[in-house]
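**Q** One structure, as structure tokens, below. Some questions next.
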Amino acid sequence: MSFKRILSIGAIATLILSGCAKSNQQISVIPQPVKVEVQKGNFTFTPTTQIVFADTQLEFIAGYAASLWEPYLGYAVEAKQSDEFTKQNTIILKIGEIETTNQEGYSLIITNDNIEITANTPAGVHYGIQTLYQLISTAKNGKVACITITDYPRFAHRGMHLDVVRHFMPIDFIYKTIDYMAMHKLNRFHWHLTDDQGWRLEIKKYPKLTEIGAWRVDMEDRHWNDRPLVKDPENATYGGFYTQEQVREVVTYAAQRNITVMPEIEMPAHAMAALAAYPELSCTGEDLGTPPGGVWPITHIFCAGNDKVFDFIEDVLTEVMDLFPSKYIHIGGDEADKTNWKKCPKCQKRIKKEGLKDEAELQSYFIHRIEAFLNEHNRILVGWDEILDGGLAPNATVMSWRGDEGGIAAAKQGNTAIMSPGSHCYFDHYQGDPALEPLAIGGFTPLKKVYEYEPIPEGLTPEQSELILGAQANHWTEYMPTTQQVEYMAFPRLAALSEVLWSAKEQRDWPSFCERMTDQYARYQKLGINYSHSAFQVTVTTSIDSINRNLILELSTEAHNSEIRYTLNGEEPDRHSKIYRKPITIKETTTLKAVTFKNGEPMGKARANQYNLHKAFAANVILQHPSHSRYDGKSNLTLVNGVEGSISHTDGNWKGFLGSDMVATIDLGKATNIERISVDAMQNTVSWIFFPQEVIFEVSTNGDEYTVVGQDQSPEPPTAGGKILYKFICEKHADNVQFIRVTLKNLGTCPIGHSGEGKPAFLFTSEITVE
């Protein structure tokens, strides 16, 4: 493998920086080292500088270091094996005792004469080289400051997950990803290789897995969740897979950079691609094809009552274990809908034979059986936190994604856990204003939120805390069709998580991190990484001055030491626009536009928000039914705060009602004439959110007797997919109105054929406007 697979990409383009000048006491390294002592003086690199090592284990690392540093030095440092460590102008690499016993720890000592990197293992030497790489990247004329660093990671599992199923990623990008991980001192690459929408790994014994399961009908022109399930093998042109030879090369390449590749082979659900190839392994025997898009609920799964299924899985895992030396093998275990198991004679026979209580315990039986097979081969089973259901396998590691609860439960049972909660570690979530960002699955996980994540949950004893192995960032690719989009979603958030996982908790410092990110952005630029500028966007926080009925706007940005310039007249901000210095008071309907500036230049797109201070603004609102606790907005005033929700139902501006109508009564405080009432709503069927089936507008002078002034019906059937926003409008003059009642009739339950069929449906609204 070439050392230079990605390290000589492109020329430096114009840099967009977000930090300030470094202080004399701080070095610009991410993640922050454990212990740093800066001395006077510099070591100067020259074309005659040499890398010297005695231990043959370090031969690759020495060559790798020379290649890594070359783009910044302008020449390749010669690397040679030698026992002579006294010569000046050398970088000495060696295995030896250091302050820490951590197997990934290292010592880096820079003097005027030479540089010495010492570690307990080659892994530590590798990380010392990465730290020196960052120091070189900021050096002037090859001069790096004299310094002593002692460093080691806080967590053993520092991971990145990549889904190559929803969208296939070329093999060259896998190598790039591994190099990017090494740069951030991450050491676990979780390779999500199989799922409903594709099977991406060559299995010699079952060739149809890639002949059939690796391909699907190309519907890239349609929304992911608006793609019908089709079986059309003749037109299945989208996809791809990795050969076993390619996989072996990737595993070797990663190992040379101290990265273990952990494969994921999904079971018992997320297996429709496998079942398209071998339909006899399902409960029904149907061939439903390889889905081109989203599937929910996932009922077409492996049959737990069929012994041939276990023969198949063991055969597959045998080949997988031959390819991947990783101690941990991920088997998924999530989101298995048991509908078919309940109707399957074989599954019901298995439940009876094994003395199981229900289908949840049948899944536990399934996982236990696979774990026993893996344990026989000295491997450890990893699964998403659903493997807790029905009883956790004794030696399994839980990957906690539905919050921290799965990790807590595992640790309290004495099992190990890896944290990857959707709230902080799902990098398919938006990281900036959805109006300015490419389409994402939803959520909101900005850079600072990632940096503030703490992997050790509260409530664990010190002994239980030791069972938390670490955490990882998950990149699900439903909305990442290209490698450029994966990079955009990964960076710079991966830098924040790397510091969370490496550096001591008490060392974490947000302003310092932002300052050091200045140089990290420059490194990204040099490598050609398509990193996101979302951290440079302006964030707006609103509050209501109820006494004066004004709206207060507080602006902020994650760009360090920058300035925000804004306008309130709808014009685009420029370098001459007003600088934000204190909260802004809004007294009338206003359009705010704000941009972060650095050195007189804008750092991204303008944030544009409309604030409508209408007749019901900040009025008293009484709800007949409470909103759901998870979607409560900012109290009942959310409905009259002048702010309409975005396309993301989790942006904090929406109120959600589960199974109940939204009936809001507004007291305007005094009688007034009105011309127009409007209310918005959202439909996002994947999230069980449906338009109201009927909307009723009523007015009253006394709050007792109401007159209907308008009615409307849902603009779309409950089957309409995608994310749809709609505003219901009643335009009718009414005199002396003090009270307004708006009723949105909930669909009640999810419709037939929906994944939540028969269960309570959500209704969402964000603003009632009176004019």
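Here's how to read the names in the structure tokens: chain A, B, ... by the order shown, residue numbers from 1 in each chain, ligand numbers from 1 in the order shown.
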Excluding A:Tyr453 and any residue of its chain fewer than 6 positions from it, enumerate the residues within 12 Å of it, using only C-alpha atoms, and give them as a count of residues only.

**A** 26

**Q** For A:Ile115, work out the shell of residues within 6 Å, counting only C-alpha atoms and skipping chain neighbours fewer than 2 positions away, then give it as a VMD selection string.

**A** chain A and resid 91 109 to 110

**Q** Nearest to A:Gly722: which of A:Arg154, A:Arg227, A:Lys593, A:Arg188 is it, counting only C-alpha atoms?

**A**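 Looking at the shortest contact to A:Gly722, the residue is A:Arg227.
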
**Q** Taking 5 positions as the minimum chain separation for residues in the same chain, which residues sit within 7 Å of stretch 728-737 of chain A when counting only C-alpha atoms? Answer as a ChimeraX atom specification.

**A** /A:671-680,699-701,709-710

**Q** Write the residues you've just listed into a file as a PDB file, in the first residue's frame, and include C-alpha atoms for each of them.

**A**
ATOM      1  CA  ALA A 671     -61.510  43.210  21.821  1.00  0.00           C
ATOM      2  CA  THR A 672     -60.132  43.884  18.363  1.00  0.00           C
ATOM      3  CA  ASN A 673     -61.081  43.532  14.719  1.00  0.00           C
ATOM      4  CA  ILE A 674     -59.389  40.741  12.787  1.00  0.00           C
ATOM      5  CA  GLU A 675     -59.079  39.865   9.107  1.00  0.00           C
ATOM      6  CA  ARG A 676     -57.136  36.634   9.026  1.00  0.00           C
ATOM      7  CA  ILE A 677     -56.286  33.587  11.159  1.00  0.00           C
ATOM      8  CA  SER A 678     -53.753  30.958  10.084  1.00  0.00           C
ATOM      9  CA  VAL A 679     -52.141  27.878  11.588  1.00  0.00           C
ATOM     10  CA  ASP A 680     -49.369  25.681  10.210  1.00  0.00           C
ATOM     11  CA  VAL A 699     -64.073  33.541  17.430  1.00  0.00           C
ATOM     12  CA  SER A 700     -65.781  34.925  20.515  1.00  0.00           C
ATOM     13  CA  THR A 701     -66.297  38.239  22.275  1.00  0.00           C
ATOM     14  CA  VAL A 709     -65.593  31.569  10.887  1.00  0.00           C
ATOM     15  CA  GLY A 710     -63.723  28.992   8.847  1.00  0.00           C
TER      16      GLY A 710
END

**Q** Which value, in Å to one decimal, gives the distance between atom CA of A:Glu716 and atom CA of A:Met662?

**A**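 Distance between the two atoms: 18.6 Å.
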
**Q** So, with only C-alpha atoms as the atoms that count, which of A:Thr585, A:Thr90, A:Ser364, A:Thr567 lies closest to A:Asn609?

**A**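 Result for the nearest residue to A:Asn609: A:Thr567.
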
**Q** Do a neighbour search on A:Glu463 at 10 Å with only C-alpha atoms, toss out local chain neighbours closer than 3 positions, and write the hits as a ChimeraX atom specification.

**A** /A:411-412,414,460,466-468

**Q** Among stretch 106-327 of chain A, which ones does DSSP place in strand (DSSP E or B), written as an MDAnalysis selection string?

**A** chainID A and resid 106:110 114:119 140 143:151 157:163 188:192 194:195 198:199 201 215:216 238:239 242 260:267 282 302

**Q** Please produce an output containing C-alpha atoms for each residue in the selection, written as a PDB file, in the first residue's frame.

**A**
ATOM      1  CA  TYR A 106       3.451   7.875  24.077  1.00  0.00           C
ATOM      2  CA  SER A 107       6.090  10.377  25.076  1.00  0.00           C
ATOM      3  CA  LEU A 108       7.169  13.114  22.654  1.00  0.00           C
ATOM      4  CA  ILE A 109      10.277  15.128  23.561  1.00  0.00           C
ATOM      5  CA  ILE A 110      11.482  17.881  21.235  1.00  0.00           C
ATOM      6  CA  ASN A 114      16.531  15.970  18.063  1.00  0.00           C
ATOM      7  CA  ILE A 115      13.017  14.630  18.547  1.00  0.00           C
ATOM      8  CA  GLU A 116      12.293  11.450  20.468  1.00  0.00           C
ATOM      9  CA  ILE A 117       9.023   9.510  20.369  1.00  0.00           C
ATOM     10  CA  THR A 118       8.891   6.656  22.871  1.00  0.00           C
ATOM     11  CA  ALA A 119       5.946   4.356  23.553  1.00  0.00           C
ATOM     12  CA  LYS A 140       7.248  28.266  10.334  1.00  0.00           C
ATOM     13  CA  LYS A 143      10.818  25.075  13.203  1.00  0.00           C
ATOM     14  CA  VAL A 144       8.863  23.224  15.913  1.00  0.00           C
ATOM     15  CA  ALA A 145       8.953  24.392  19.515  1.00  0.00           C
ATOM     16  CA  CYS A 146      10.874  22.448  22.116  1.00  0.00           C
ATOM     17  CA  ILE A 147       8.292  20.584  24.124  1.00  0.00           C
ATOM     18  CA  THR A 148       7.675  17.530  26.274  1.00  0.00           C
ATOM     19  CA  ILE A 149       4.360  15.694  25.866  1.00  0.00           C
ATOM     20  CA  THR A 150       3.058  12.702  27.794  1.00  0.00           C
ATOM     21  CA  ASP A 151      -0.160  11.486  26.267  1.00  0.00           C
ATOM     22  CA  HIS A 157     -12.938   2.317  21.866  1.00  0.00           C
ATOM     23  CA  ARG A 158     -12.772   5.509  19.803  1.00  0.00           C
ATOM     24  CA  GLY A 159     -14.797   4.770  16.765  1.00  0.00           C
ATOM     25  CA  MET A 160     -16.339   5.812  13.503  1.00  0.00           C
ATOM     26  CA  HIS A 161     -19.196   3.888  11.920  1.00  0.00           C
ATOM     27  CA  LEU A 162     -19.858   4.025   8.189  1.00  0.00           C
ATOM     28  CA  ASP A 163     -22.948   2.613   6.510  1.00  0.00           C
ATOM     29  CA  ARG A 188     -12.191   1.432  15.618  1.00  0.00           C
ATOM     30  CA  PHE A 189     -13.728   1.432  12.139  1.00  0.00           C
ATOM     31  CA  HIS A 190     -17.238   0.006  12.348  1.00  0.00           C
ATOM     32  CA  TRP A 191     -17.980  -1.138   8.786  1.00  0.00           C
ATOM     33  CA  HIS A 192     -21.741  -1.567   8.280  1.00  0.00           C
ATOM     34  CA  THR A 194     -25.187  -5.573   5.226  1.00  0.00           C
ATOM     35  CA  ASP A 195     -28.733  -4.297   5.562  1.00  0.00           C
ATOM     36  CA  GLY A 198     -27.778  -4.188  -0.002  1.00  0.00           C
ATOM     37  CA  TRP A 199     -25.208  -6.857   0.834  1.00  0.00           C
ATOM     38  CA  LEU A 201     -19.359  -8.309   1.283  1.00  0.00           C
ATOM     39  CA  TRP A 215     -27.971  -4.562  -6.350  1.00  0.00           C
ATOM     40  CA  ARG A 216     -31.232  -2.648  -6.323  1.00  0.00           C
ATOM     41  CA  TYR A 238     -27.453   0.558  -8.236  1.00  0.00           C
ATOM     42  CA  GLY A 239     -25.048  -1.036  -5.797  1.00  0.00           C
ATOM     43  CA  TYR A 242     -16.194  -5.449  -1.799  1.00  0.00           C
ATOM     44  CA  THR A 260      -9.280  -2.315  14.038  1.00  0.00           C
ATOM     45  CA  VAL A 261     -12.022  -2.922  11.488  1.00  0.00           C
ATOM     46  CA  MET A 262     -15.177  -4.229  13.155  1.00  0.00           C
ATOM     47  CA  PRO A 263     -17.619  -5.692  10.593  1.00  0.00           C
ATOM     48  CA  GLU A 264     -21.373  -5.593  11.032  1.00  0.00           C
ATOM     49  CA  ILE A 265     -23.509  -8.401   9.601  1.00  0.00           C
ATOM     50  CA  GLU A 266     -27.148  -7.602  10.432  1.00  0.00           C
ATOM     51  CA  MET A 267     -29.515 -10.179  11.951  1.00  0.00           C
ATOM     52  CA  SER A 282     -37.389 -16.042   5.770  1.00  0.00           C
ATOM     53  CA  PHE A 302     -34.601 -14.297   9.191  1.00  0.00           C
TER      54      PHE A 302
END

**Q** Closest to A:Ala65 among A:Pro692, A:Gly645, A:Pro33, A:Gly128, using only C-alpha atoms?

**A**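 Of A:Pro692, A:Gly645, A:Pro33, A:Gly128, the one nearest A:Ala65, counting only C-alpha atoms, is A:Gly128.
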
**Q** Between A:Gly528, A:Pro573, A:Gly407, A:Gly294, which one has atoms that come closest to A:Ile441, using only C-alpha atoms?

**A** A:Gly294

**Q** May I ask for the distance between atom CA of A:Leu551 and atom CA of A:Asn612, given in Å to one decimal place?

**A**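 Atom CA of A:Leu551 sits 9.7 Å away from atom CA of A:Asn612.
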
**Q** Could you work out how far atom CA of A:Gly642 lies from atom CA of A:Asp574, giving the answer in Å with one decimal?

**A**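 Straight-line distance from atom CA of A:Asp574 to atom CA of A:Gly642 works out to 26.0 Å.
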
**Q** Nearest residue to A:Glu757 out of A:Pro492, A:Lys634, A:Thr719, A:Thr44, using only C-alpha atoms?

**A**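 Between A:Pro492, A:Lys634, A:Thr719, A:Thr44, the residue approaching A:Glu757 most closely is A:Thr719.
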
**Q** Using only C-alpha atoms, which residue out of A:Lys598, A:Lys343, A:His126, A:His625 lies closest to A:Leu68?

**A**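 Looking at the shortest contact to A:Leu68, the residue is A:His126.
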
**Q** Can you list, as JSON, numbers by chain, all residues belonging to stretch 153-293 of chain A that DSSP tags as helix (DSSP H, G or I)?

**A** {"A": [171, 172, 173, 174, 175, 176, 177, 178, 179, 180, 181, 182, 183, 208, 209, 210, 211, 224, 225, 226, 233, 234, 235, 244, 245, 246, 247, 248, 249, 250, 251, 252, 253, 254, 255, 272, 273, 274, 275, 276, 277, 279, 280, 281]}

**Q** Please identify all polymer residues within 12 Å of A:Gly659, counting only C-alpha atoms, omitting same-chain residues fewer than 2 positions from it, and present them as a PyMOL selection string.

**A** chain A and resi 625-628+656-657+661-662+688-690+692+744-750+758-764

**Q** Which residues come within 9 Å of A:Ile564, counting only C-alpha atoms, excluding same-chain residues fewer than 2 positions away, as a short mmCIF file (atom, residue, chain, number, x, y, z; two decimals) with N, CA, C and O atoms, in the first residue's frame?

**A**
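Final output, result-v2.cif:
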data_model
loop_
_atom_site.label_atom_id
_atom_site.label_comp_id
_atom_site.auth_asym_id
_atom_site.auth_seq_id
_atom_site.Cartn_x
_atom_site.Cartn_y
_atom_site.Cartn_z
N VAL A 538 -24.89 31.50 12.22
CA VAL A 538 -25.43 32.23 13.36
C VAL A 538 -26.61 31.45 13.92
O VAL A 538 -27.49 30.99 13.18
N LEU A 555 -28.09 36.26 19.57
CA LEU A 555 -27.35 35.65 18.47
C LEU A 555 -26.03 35.06 18.99
O LEU A 555 -25.40 35.63 19.89
N SER A 556 -25.63 33.95 18.42
CA SER A 556 -24.36 33.34 18.80
C SER A 556 -23.82 32.56 17.61
O SER A 556 -24.52 32.30 16.63
N THR A 557 -22.55 32.18 17.70
CA THR A 557 -21.92 31.37 16.68
C THR A 557 -20.87 30.49 17.34
O THR A 557 -20.32 30.84 18.39
N SER A 562 -14.92 35.54 16.46
CA SER A 562 -15.44 36.16 15.24
C SER A 562 -16.43 37.24 15.63
O SER A 562 -16.62 37.55 16.80
N TYR A 566 -25.47 41.96 11.26
CA TYR A 566 -26.87 41.65 10.98
C TYR A 566 -27.61 42.86 10.43
O TYR A 566 -27.17 44.01 10.56
N LYS A 578 -24.40 46.33 10.96
CA LYS A 578 -24.27 46.49 12.41
C LYS A 578 -23.67 45.23 13.04
O LYS A 578 -24.02 44.11 12.68
N ILE A 579 -22.77 45.42 14.01
CA ILE A 579 -22.17 44.30 14.74
C ILE A 579 -23.06 43.95 15.93
O ILE A 579 -23.50 44.83 16.67
N TYR A 580 -23.30 42.67 16.10
CA TYR A 580 -24.11 42.22 17.24
C TYR A 580 -23.27 42.29 18.52
O TYR A 580 -22.19 41.72 18.60
N ARG A 581 -23.81 43.01 19.51
CA ARG A 581 -23.11 43.16 20.78
C ARG A 581 -23.99 42.80 21.98
O ARG A 581 -23.47 42.47 23.05
N ALA A 594 -28.43 37.49 9.43
CA ALA A 594 -27.19 37.58 10.20
C ALA A 594 -26.13 36.65 9.63
O ALA A 594 -26.44 35.53 9.21
N VAL A 595 -24.89 37.11 9.64
CA VAL A 595 -23.76 36.34 9.12
C VAL A 595 -22.57 36.49 10.07
O VAL A 595 -22.35 37.56 10.64
N THR A 596 -21.81 35.42 10.21
CA THR A 596 -20.57 35.46 10.96
C THR A 596 -19.45 35.98 10.06
O THR A 596 -19.30 35.51 8.92
N PHE A 597 -18.68 36.94 10.58
CA PHE A 597 -17.57 37.52 9.82
C PHE A 597 -16.26 37.24 10.54
O PHE A 597 -16.19 37.21 11.77
N LYS A 598 -15.20 37.07 9.75
CA LYS A 598 -13.84 36.92 10.27
C LYS A 598 -12.92 37.75 9.40
O LYS A 598 -12.89 37.58 8.18
#

**Q** Residues within 12 Å of A:Pro394, please, as a VMD selection string. Count only C-alpha atoms; anything in the same chain fewer than 5 positions from it doesn't count.

**A** chain A and resid 364 to 365 367 to 372 375 380 to 382 387 to 388 410 to 411 413 to 416
